[in-house]
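The file structure_20.tsv comes next; it holds TSV, C-alpha atoms.
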```tsv
chain	number	residue	atom	x	y	z
A	5	MET	CA	10.79	2.37	12.36
A	6	ASN	CA	7.84	2.55	14.68
A	7	SER	CA	4.64	4.44	14.00
A	8	GLU	CA	5.60	7.24	16.39
A	9	ILE	CA	8.40	8.27	14.05
A	10	TRP	CA	6.21	8.21	10.95
A	11	LEU	CA	3.54	10.24	12.72
A	12	GLY	CA	6.13	12.78	13.84
A	13	LEU	CA	7.69	13.06	10.39
A	14	LEU	CA	4.31	13.43	8.71
A	15	ALA	CA	3.03	16.02	11.18
A	16	GLY	CA	6.32	17.92	11.04
A	17	ALA	CA	6.39	17.99	7.24
A	18	ALA	CA	2.80	19.26	7.07
A	19	PHE	CA	3.51	21.84	9.78
A	20	GLY	CA	6.69	23.04	8.07
A	21	PHE	CA	4.91	23.27	4.73
A	22	VAL	CA	2.04	25.40	6.09
A	23	ILE	CA	4.22	27.81	8.04
A	24	GLN	CA	6.42	28.36	4.97
A	25	ARG	CA	3.39	29.10	2.79
A	26	VAL	CA	1.96	31.64	5.21
A	27	GLY	CA	5.36	33.37	5.47
A	28	ALA	CA	6.22	32.48	9.06
A	29	THR	CA	9.61	31.11	7.98
A	30	SER	CA	10.53	34.51	6.57
A	31	ALA	CA	12.51	36.42	9.18
A	32	GLY	CA	11.78	39.64	7.30
A	33	LYS	CA	8.03	39.09	7.50
A	34	MET	CA	8.35	38.19	11.17
A	35	ALA	CA	10.25	41.43	11.84
A	36	ARG	CA	7.55	43.37	10.02
A	37	ALA	CA	4.97	41.66	12.22
A	38	HIS	CA	6.87	42.67	15.35
A	39	LEU	CA	7.13	46.24	14.03
A	40	MET	CA	3.33	46.29	13.58
A	41	LEU	CA	3.66	46.66	9.83
A	42	GLU	CA	1.97	43.37	8.88
A	43	GLY	CA	-0.63	41.63	11.02
A	44	ASP	CA	-0.98	38.38	9.12
A	45	ILE	CA	1.45	36.17	11.04
A	46	PRO	CA	0.24	37.07	14.54
A	47	ARG	CA	-3.38	36.72	13.44
A	48	PHE	CA	-2.51	33.34	11.87
A	49	MET	CA	-0.89	32.19	15.12
A	50	LEU	CA	-3.72	33.33	17.38
A	51	MET	CA	-6.42	31.97	15.07
A	52	ALA	CA	-4.63	28.63	14.90
A	53	VAL	CA	-4.74	28.52	18.72
A	54	VAL	CA	-8.47	29.34	18.80
A	55	LEU	CA	-9.30	26.62	16.27
A	56	SER	CA	-6.97	24.09	17.91
A	57	ALA	CA	-8.52	24.77	21.31
A	58	ILE	CA	-11.98	24.12	19.87
A	59	GLY	CA	-10.70	20.98	18.15
A	60	LEU	CA	-9.01	19.75	21.32
A	61	PHE	CA	-12.23	20.35	23.26
A	62	GLY	CA	-13.97	18.14	20.72
A	63	LEU	CA	-11.29	15.45	21.08
A	64	GLN	CA	-11.72	15.52	24.84
A	65	LEU	CA	-15.50	15.14	24.46
A	66	ALA	CA	-14.76	12.12	22.28
A	67	GLY	CA	-12.61	10.70	25.07
A	68	VAL	CA	-9.15	11.39	23.62
A	69	ASP	CA	-7.20	13.30	26.22
A	70	ASN	CA	-3.47	13.49	25.51
A	71	THR	CA	-2.99	16.77	27.30
A	72	ARG	CA	-0.01	17.72	29.42
A	73	LEU	CA	-0.21	21.10	31.09
A	74	LEU	CA	3.08	22.81	31.77
A	75	PRO	CA	3.20	24.46	35.19
A	76	THR	CA	3.41	28.21	35.55
A	77	SER	CA	6.51	29.48	37.32
A	78	LEU	CA	6.11	33.22	37.80
A	79	VAL	CA	9.87	33.88	37.72
A	80	ALA	CA	11.13	31.19	35.32
A	81	THR	CA	8.30	31.53	32.78
A	82	GLY	CA	8.55	35.32	32.93
A	83	VAL	CA	12.36	35.57	32.72
A	84	ALA	CA	12.38	32.98	29.95
A	85	GLY	CA	9.68	34.94	28.13
A	86	ILE	CA	11.78	38.10	28.26
A	87	LEU	CA	14.92	36.34	26.98
A	88	PHE	CA	12.92	34.51	24.35
A	89	GLY	CA	11.25	37.72	23.20
A	90	ILE	CA	14.61	39.44	22.78
A	91	GLY	CA	15.98	36.49	20.81
A	92	TRP	CA	12.84	36.38	18.65
A	93	GLY	CA	13.08	40.12	17.99
A	94	ILE	CA	16.75	39.84	17.02
A	95	CYS	CA	16.56	36.95	14.60
A	96	GLY	CA	12.92	36.79	13.50
A	97	TYR	CA	12.83	33.03	14.03
A	98	CYS	CA	11.41	30.90	16.80
A	99	PRO	CA	12.70	27.40	17.57
A	100	GLY	CA	10.23	25.62	15.29
A	101	THR	CA	10.56	27.97	12.35
A	102	THR	CA	14.38	27.64	12.33
A	103	TRP	CA	14.02	24.01	11.18
A	104	ALA	CA	11.51	24.80	8.44
A	105	ALA	CA	13.43	27.91	7.34
A	106	ALA	CA	16.72	25.98	7.30
A	107	GLY	CA	15.04	23.33	5.14
A	108	GLU	CA	13.77	26.09	2.89
A	109	GLY	CA	17.40	27.11	2.36
A	110	ARG	CA	17.80	30.20	4.51
A	111	LEU	CA	21.38	30.28	5.77
A	112	ASP	CA	20.68	32.71	8.62
A	113	ALA	CA	18.19	30.15	9.96
A	114	VAL	CA	20.91	27.50	9.91
A	115	PHE	CA	22.94	29.77	12.20
A	116	ALA	CA	19.92	30.36	14.44
A	117	LEU	CA	19.53	26.58	14.64
A	118	LEU	CA	23.20	26.11	15.56
A	119	GLY	CA	22.89	28.88	18.15
A	120	GLY	CA	19.82	27.10	19.47
A	121	LEU	CA	21.73	23.85	19.88
A	122	ALA	CA	24.44	25.76	21.77
A	123	GLY	CA	21.83	27.43	24.00
A	124	THR	CA	20.23	24.06	24.68
A	125	ALA	CA	23.61	22.55	25.62
A	126	VAL	CA	24.42	25.40	28.00
A	127	PHE	CA	21.02	25.28	29.67
A	128	ALA	CA	21.18	21.50	29.99
A	129	HIS	CA	24.58	21.81	31.65
A	130	PHE	CA	23.22	24.20	34.29
A	131	HIS	CA	19.74	22.62	34.59
A	132	GLU	CA	20.48	21.25	38.09
A	133	THR	CA	21.33	24.77	39.33
A	134	LEU	CA	18.87	26.88	37.36
A	135	ILE	CA	15.64	24.91	37.76
A	136	PRO	CA	15.68	24.87	41.60
A	137	LEU	CA	16.83	28.51	41.59
A	138	LEU	CA	14.42	30.05	39.09
A	139	TYR	CA	11.65	27.56	38.44
A	140	GLY	CA	10.89	25.87	41.71
A	141	PRO	CA	10.27	28.69	44.20
A	142	THR	CA	7.55	30.47	42.23
A	143	ASN	CA	6.01	27.41	40.61
A	144	ILE	CA	2.27	27.85	41.14
A	145	GLY	CA	1.38	24.58	39.46
A	146	GLN	CA	-0.51	23.35	36.42
A	147	ILE	CA	-3.14	26.06	36.42
A	148	SER	CA	-5.54	26.57	33.53
A	149	LEU	CA	-8.43	28.82	32.61
A	150	GLY	CA	-10.74	25.84	32.90
A	151	GLY	CA	-9.51	25.18	36.43
A	152	TRP	CA	-9.98	28.79	37.44
A	153	LEU	CA	-13.50	29.03	36.10
A	154	GLY	CA	-14.47	25.57	37.26
A	155	SER	CA	-15.35	24.33	33.79
A	156	ARG	CA	-13.44	23.53	30.64
A	157	LEU	CA	-16.17	24.98	28.44
A	158	ALA	CA	-16.14	28.31	30.30
A	159	GLY	CA	-12.34	28.39	29.95
A	160	LEU	CA	-12.63	27.73	26.22
A	161	VAL	CA	-15.21	30.51	25.80
A	162	LEU	CA	-12.95	32.94	27.69
A	163	LEU	CA	-9.93	31.97	25.55
A	164	VAL	CA	-11.87	32.35	22.30
A	165	GLY	CA	-13.15	35.73	23.48
A	166	LEU	CA	-9.70	36.99	24.51
A	167	PHE	CA	-7.96	35.78	21.37
A	168	GLY	CA	-10.81	37.01	19.20
A	169	CYS	CA	-10.34	40.51	20.63
A	170	CYS	CA	-6.58	40.33	19.99
A	171	ILE	CA	-7.11	39.19	16.39
A	172	TRP	CA	-9.56	42.04	15.84
A	173	LEU	CA	-7.18	44.57	17.42
A	174	ILE	CA	-4.23	43.36	15.35
A	175	GLY	CA	-6.38	43.78	12.24
A	176	ARG	CA	-7.08	47.36	13.31
A	177	LEU	CA	-3.67	48.42	14.60
A	178	TRP	CA	-1.14	46.57	12.44
A	179	GLY	CA	-0.31	47.65	8.92
A	180	ARG	CA	-1.68	51.16	9.16
A	181	LYS	CA	1.60	52.46	7.82
A	182	HIS	CA	1.90	49.96	5.03
A	183	GLY	CA	4.82	51.77	3.44
A	184	ALA	CA	6.98	49.26	1.64
B	7	MET	CA	-6.43	42.52	2.16
B	8	ALA	CA	-6.80	39.04	0.70
B	9	SER	CA	-6.07	40.08	-2.87
B	10	GLU	CA	-2.92	41.82	-1.71
B	11	LYS	CA	-1.75	38.59	-0.08
B	12	GLU	CA	-2.52	36.55	-3.17
B	13	ARG	CA	-0.41	38.84	-5.27
B	14	SER	CA	2.46	38.41	-2.81
B	15	GLY	CA	2.17	34.62	-3.16
B	16	TYR	CA	1.63	33.91	0.53
B	17	TRP	CA	-1.40	32.06	1.84
B	18	SER	CA	-4.01	34.18	3.59
B	19	TRP	CA	-3.84	33.93	7.35
B	20	LEU	CA	-7.35	32.61	7.95
B	21	PRO	CA	-7.35	29.50	5.75
B	22	ALA	CA	-3.75	28.85	6.77
B	23	ALA	CA	-4.86	28.95	10.43
B	24	PHE	CA	-7.48	26.27	9.66
B	25	ALA	CA	-4.78	24.14	8.02
B	26	LEU	CA	-2.38	24.52	10.96
B	27	ALA	CA	-5.11	23.88	13.53
B	28	GLY	CA	-6.03	20.68	11.67
B	29	ILE	CA	-2.42	19.54	11.99
B	30	ILE	CA	-2.26	20.52	15.67
B	31	VAL	CA	-5.46	18.63	16.49
B	32	PHE	CA	-4.09	15.63	14.55
B	33	ILE	CA	-0.96	15.81	16.72
B	34	PHE	CA	-3.04	15.96	19.91
B	35	ALA	CA	-4.99	12.92	18.72
B	36	THR	CA	-1.97	10.84	17.73
B	37	PHE	CA	0.75	11.98	20.13
B	38	GLY	CA	0.08	14.76	22.63
B	39	PRO	CA	0.95	18.44	22.88
B	40	PRO	CA	3.19	19.41	19.93
B	41	ALA	CA	6.62	20.84	20.78
B	42	SER	CA	9.69	21.88	18.87
B	43	SER	CA	12.25	23.16	21.38
B	44	SER	CA	12.31	19.66	22.89
B	45	GLY	CA	13.51	18.48	19.50
B	46	PHE	CA	16.72	20.43	20.08
B	47	VAL	CA	17.34	18.44	23.25
B	48	SER	CA	16.63	15.16	21.44
B	49	THR	CA	18.97	16.13	18.61
B	50	LEU	CA	21.75	17.03	21.00
B	51	LYS	CA	21.23	13.98	23.15
B	52	GLY	CA	21.48	11.74	20.11
B	53	ALA	CA	24.61	13.50	18.93
B	54	LEU	CA	26.39	13.55	22.29
B	55	GLN	CA	25.42	10.10	23.57
B	56	PRO	CA	28.08	8.19	21.61
B	57	LEU	CA	30.74	10.79	22.52
B	58	ALA	CA	30.04	11.28	26.22
B	59	PRO	CA	27.62	8.62	27.48
B	60	GLU	CA	28.40	9.24	31.17
B	61	TYR	CA	27.76	12.97	30.85
B	62	ILE	CA	24.38	12.41	29.16
B	63	ALA	CA	23.38	9.82	31.76
B	64	ALA	CA	24.25	12.21	34.59
B	65	LYS	CA	22.36	15.24	33.29
B	66	GLU	CA	18.68	15.50	34.12
B	67	HIS	CA	17.88	17.66	31.10
B	68	TYR	CA	18.99	14.81	28.82
B	69	THR	CA	17.62	11.93	30.86
B	70	MET	CA	14.13	13.49	30.87
B	71	MET	CA	14.07	13.61	27.05
B	72	PRO	CA	14.19	10.82	24.44
B	73	ALA	CA	16.98	10.78	21.81
B	74	GLN	CA	16.56	10.49	18.02
B	75	GLY	CA	14.21	7.52	17.80
B	76	SER	CA	11.38	9.67	19.09
B	77	TRP	CA	8.39	11.66	17.90
B	78	LEU	CA	10.07	14.85	19.10
B	79	PHE	CA	13.11	14.41	16.86
B	80	ALA	CA	11.03	13.12	13.93
B	81	PHE	CA	8.85	16.22	14.19
B	82	VAL	CA	11.67	18.77	13.89
B	83	LEU	CA	13.27	16.72	11.11
B	84	GLY	CA	9.87	16.65	9.42
B	85	MET	CA	9.63	20.42	9.74
B	86	ALA	CA	12.89	20.80	7.84
B	87	ILE	CA	11.59	18.40	5.16
B	88	GLY	CA	8.29	20.29	4.97
B	89	GLY	CA	10.14	23.59	4.68
B	90	PHE	CA	12.33	22.11	1.94
B	91	ILE	CA	9.38	20.81	-0.09
B	92	ALA	CA	7.48	24.07	0.38
B	93	GLY	CA	10.51	26.09	-0.64
B	94	ARG	CA	11.18	23.99	-3.77
B	95	THR	CA	7.57	24.25	-4.92
B	96	SER	CA	6.97	27.97	-4.50
B	97	GLN	CA	8.12	31.23	-5.98
B	98	LEU	CA	8.36	32.91	-2.58
B	99	PRO	CA	11.69	34.70	-2.15
B	100	VAL	CA	14.35	32.98	0.00
B	101	GLU	CA	17.04	35.30	1.33
B	102	ASP	CA	19.97	34.65	3.64
B	103	VAL	CA	19.84	38.23	4.88
B	104	PRO	CA	16.33	39.70	5.09
B	105	GLN	CA	15.78	42.95	3.20
B	106	ILE	CA	14.63	44.84	6.27
B	107	TRP	CA	17.89	43.79	8.00
B	108	GLN	CA	20.00	44.92	5.01
B	109	GLN	CA	18.37	48.35	5.10
B	110	ARG	CA	19.48	48.73	8.69
B	111	PHE	CA	22.80	46.85	8.89
B	112	GLY	CA	23.97	46.46	5.30
B	113	SER	CA	24.36	43.27	3.33
B	114	SER	CA	27.10	41.63	5.42
B	115	ARG	CA	26.18	37.95	5.70
B	116	TRP	CA	28.43	37.25	8.68
B	117	LYS	CA	26.99	40.10	10.72
B	118	ARG	CA	23.52	38.63	10.16
B	119	PHE	CA	24.70	35.07	10.88
B	120	ALA	CA	26.35	36.18	14.13
B	121	ALA	CA	23.13	37.91	15.17
B	122	THR	CA	20.91	34.92	14.40
B	123	PHE	CA	23.35	32.59	16.19
B	124	ALA	CA	23.14	34.81	19.29
B	125	GLY	CA	19.37	35.14	18.93
B	126	GLY	CA	18.99	31.39	18.50
B	127	PHE	CA	21.09	30.80	21.60
B	128	MET	CA	18.78	33.03	23.66
B	129	LEU	CA	15.64	31.45	22.18
B	130	LEU	CA	16.62	27.94	23.17
B	131	PHE	CA	18.21	28.79	26.50
B	132	ALA	CA	14.93	30.53	27.39
B	133	SER	CA	12.73	27.78	25.99
B	134	ARG	CA	14.50	25.13	28.00
B	135	LEU	CA	14.09	27.23	31.15
B	136	ALA	CA	10.37	27.77	30.55
B	137	GLY	CA	9.82	24.19	29.38
B	138	GLY	CA	8.71	25.15	25.87
B	139	CYS	CA	8.80	27.62	22.99
B	140	THR	CA	6.28	29.37	20.74
B	141	LEU	CA	4.83	26.00	19.80
B	142	GLY	CA	5.48	23.84	22.86
B	143	LEU	CA	4.48	26.41	25.44
B	144	PHE	CA	2.48	29.24	23.87
B	145	ILE	CA	0.49	27.41	21.17
B	146	SER	CA	0.25	23.99	22.87
B	147	GLY	CA	-0.32	25.55	26.27
B	148	SER	CA	-2.97	28.03	25.18
B	149	THR	CA	-4.76	25.31	23.21
B	150	GLN	CA	-5.00	23.43	26.51
B	151	LEU	CA	-6.11	26.67	28.25
B	152	ALA	CA	-2.90	26.61	30.35
B	153	VAL	CA	-2.08	29.85	32.14
B	154	SER	CA	1.66	29.17	31.58
B	155	GLY	CA	1.15	29.34	27.83
B	156	LEU	CA	-0.87	32.55	27.95
B	157	TYR	CA	1.57	34.22	30.33
B	158	PHE	CA	4.57	33.20	28.19
B	159	GLY	CA	2.73	34.38	25.05
B	160	VAL	CA	2.08	37.86	26.42
B	161	VAL	CA	5.70	38.29	27.52
B	162	ILE	CA	7.31	36.97	24.31
B	163	PHE	CA	5.15	39.13	22.03
B	164	ALA	CA	5.75	42.23	24.16
B	165	PHE	CA	9.53	41.80	24.29
B	166	ALA	CA	9.87	40.75	20.66
B	167	MET	CA	7.99	43.89	19.60
B	168	LEU	CA	10.12	46.04	21.86
B	169	THR	CA	13.35	44.42	20.66
B	170	ALA	CA	12.38	44.76	17.00
B	171	ARG	CA	11.76	48.46	17.60
B	172	LEU	CA	15.27	48.82	19.02
B	173	VAL	CA	16.97	46.62	16.43
B	174	TYR	CA	15.35	48.31	13.47
B	175	LYS	CA	15.33	51.75	15.13
B	176	ALA	CA	11.72	52.25	14.17
B	177	SER	CA	9.51	54.80	15.86
B	178	ALA	CA	5.89	53.94	16.62
B	179	GLY	CA	4.52	52.44	13.42
B	180	GLY	CA	7.94	52.37	11.80
B	181	GLN	CA	9.08	53.94	8.60
B	182	ARG	CA	9.59	50.68	6.78
```
Structure encoded using structure tokens:
Amino acid sequence: MNSEIWLGLLAGAAFGFVIQRVGATSAGKMARAHLMLEGDIPRFMLMAVVLSAIGLFGLQLAGVDNTRLLPTSLVATGVAGILFGIGWGICGYCPGTTWAAAGEGRLDAVFALLGGLAGTAVFAHFHETLIPLLYGPTNIGQISLGGWLGSRLAGLVLLVGLFGCCIWLIGRLWGRKHGA
Amino acid sequence: MASEKERSGYWSWLPAAFALAGIIVFIFATFGPPASSSGFVSTLKGALQPLAPEYIAAKEHYTMMPAQGSWLFAFVLGMAIGGFIAGRTSQLPVEDVPQIWQQRFGSSRWKRFAATFAGGFMLLFASRLAGGCTLGLFISGSTQLAVSGLYFGVVIFAFAMLTARLVYKASAGGQR
């Protein structure tokens, strides 16, 4: 096996371990997060982005730049976001957590994973129709905050500020009715 | 807040975020932007290739993605291994049907499995349309300051919160 596979396995195992420990593989906790009963998982996610963005900025300063920006398609990204949000709200899993939760032994996650494979197969079958129809026409390119503001550092500061506000707000607004 | 979390057995969100960010930065250093919905494509490609090689070769969604011998597949497999190890070494409850779901829909396992199958279908259909999921588009994208990731993040959180309200019939704030 080549090193790419070992690196992927190692990173995946560490990732799966951490998200299980924080409770992100628990569909019940995820539902409680969506219902604004518990703010820990969303704050964990947003804080992880803030810290990763700072770390990635450091990597880029050090000359390591393995970035790949996905383009923004107003229609495709938006429609996909709506569908994704509904699916996330229904099952309490996202694609990554289904693998970790299935490994943890949650049978409903195994079914989410199987459903995910079916959804992937169906999309792949219609890729040639759907991408030109939904993605192409409103694709406004690989835009980023850094590009908008003219500097990566300014983009990073804006992101940290925005996410910091969200983390603070979640701390204030979530869990006020901590019933159960 | 922290003591409450310790009693529940879960890690506190802040140190856990440092741990996850360390892993994400490691992935950026050794591979590139982390992704997990792509792992579904790799899994499927690897499974279907021996059965229908012409079909796989003709479909762009499969040709643009590597099969099993790839970081993407190793990562999702690793996630299952990590989840397994974490589950075996902790006292955290593992349920096939979450409690909050049982309170709303009863304890029928097959009703829950049908719902997560349908939800999983939507998650991956949507992820493949957008080009990524919570990790591959929202977390990876936002880490790279990409507008696509931020836009996707706002929409998925808003619709997941709305859907959860409808599914669990909770009014603002919720009763449980």
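Compared by their closest atoms to Gly59 of chain A, and using only C-alpha atoms, the residues A:Leu160, A:Cys98, A:Leu166, A:Leu118 rank with A:Leu160 nearest.
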Residue contacts of Ala52 of chain A (8 Å, all atoms listed in the file) excluding same-chain residues fewer than 5 positions away, as number ranges by chain
B: 23-24, 26-27
Written selection (C-alpha atoms) as a short mmCIF file (atom, residue, chain, number, x, y, z; two decimals), in the coordinates of the input:
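out-v8.cif, freshly written:
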```cif
data_model
loop_
_atom_site.label_atom_id
_atom_site.label_comp_id
_atom_site.auth_asym_id
_atom_site.auth_seq_id
_atom_site.Cartn_x
_atom_site.Cartn_y
_atom_site.Cartn_z
CA ALA B 23 -4.86 28.95 10.43
CA PHE B 24 -7.48 26.27 9.66
CA LEU B 26 -2.38 24.52 10.96
CA ALA B 27 -5.11 23.88 13.53
#
```
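In this model, the gap between atom CA of Leu117 of chain A and atom CA of Ala132 of chain B comes to 14.1 Å.
Across B:Trp107, B:Phe79, B:Phe123, B:Tyr157, the tightest approach to chain A is made by B:Phe123 when counting all atoms listed in the file.
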What's around Phe115 of chain A at 9 Å? Count all atoms listed in the file, leave out sequence neighbours fewer than 6 positions away in its own chain, and write the answer as a VMD selection string.
(chain A and resid 102 106) or (chain B and resid 119 to 124 126)
For the selection just defined, write its residues with C-alpha atoms to a file, as a compact mmCIF listing (two decimals), keeping the file's coordinate frame.
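What landed in part-v8.txt:
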```
# COMPACT_ATOMS: atom_id res chain seq x y z
CA THR A 102 14.38 27.64 12.33
CA ALA A 106 16.72 25.98 7.30
CA PHE B 119 24.70 35.07 10.88
CA ALA B 120 26.35 36.18 14.13
CA ALA B 121 23.13 37.91 15.17
CA THR B 122 20.91 34.92 14.40
CA PHE B 123 23.35 32.59 16.19
CA ALA B 124 23.14 34.81 19.29
CA GLY B 126 18.99 31.39 18.50
```
Which residues of segment 36-115 of chain B have any atom within 9 Å of an atom in segment 130-139 of chain A when counting only C-alpha atoms, and what is the closest pair of atoms for each, with the distance in Å to one decimal? Order the rows by chain and rising number and write it as a tab-separated table.
```
residue	atom	partner	partner_atom	distance
B:Lys65	CA	A:Glu132	CA	7.9
B:Glu66	CA	A:His131	CA	7.2
B:His67	CA	A:His131	CA	6.3
```
Any idea what's packed within 9 Å of segment 92-94 of chain B, counting all atoms listed in the file, ignoring anything in its chain fewer than 5 positions away? Could you give it as an MDAnalysis selection string?
(chainID A and resid 20:22 24:25 105 107:109) or (chainID B and resid 87 99:100)
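The two atoms in question, atom CA of Trp17 of chain B and atom CA of Pro104 of chain B, are spaced 19.6 Å apart.
Closest approach to Ala116 of chain A among A:Ala31, A:Val83, A:Gly67, A:Leu55 is made by A:Ala31 (distances from all atoms listed in the file).
Closest approach to Gly82 of chain A among A:Thr142, A:Ala113, A:Val68, A:Gly150: A:Thr142, based on all atoms listed in the file.
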Taking the point (10.8, 22.9, 11.4) as given in the file, collect each protein or nucleic acid residue that comes within 8 Å of it, counting only C-alpha atoms, and present the set as number ranges by chain.
A: 16-17, 19-20, 99-107; B: 42, 81-89
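With distances restricted to all atoms listed in the file, A:Pro75 is the closest residue to chain B from A:Pro75, A:Gly154, A:Gly175, A:Gly140.
Residues lying within 12 Å of Ala125 of chain A, counting only C-alpha atoms and ignoring same-chain neighbours fewer than 6 positions away, are Leu118, Gly119 and His131 of chain A; Ser44, Phe46, Val47, Ser48, Thr49, Leu50, Lys51, Ala53, Leu54, Tyr61, Ile62, Lys65, His67, Tyr68, Phe127, Met128, Leu130, Phe131, Ala132, Arg134 and Leu135 of chain B.
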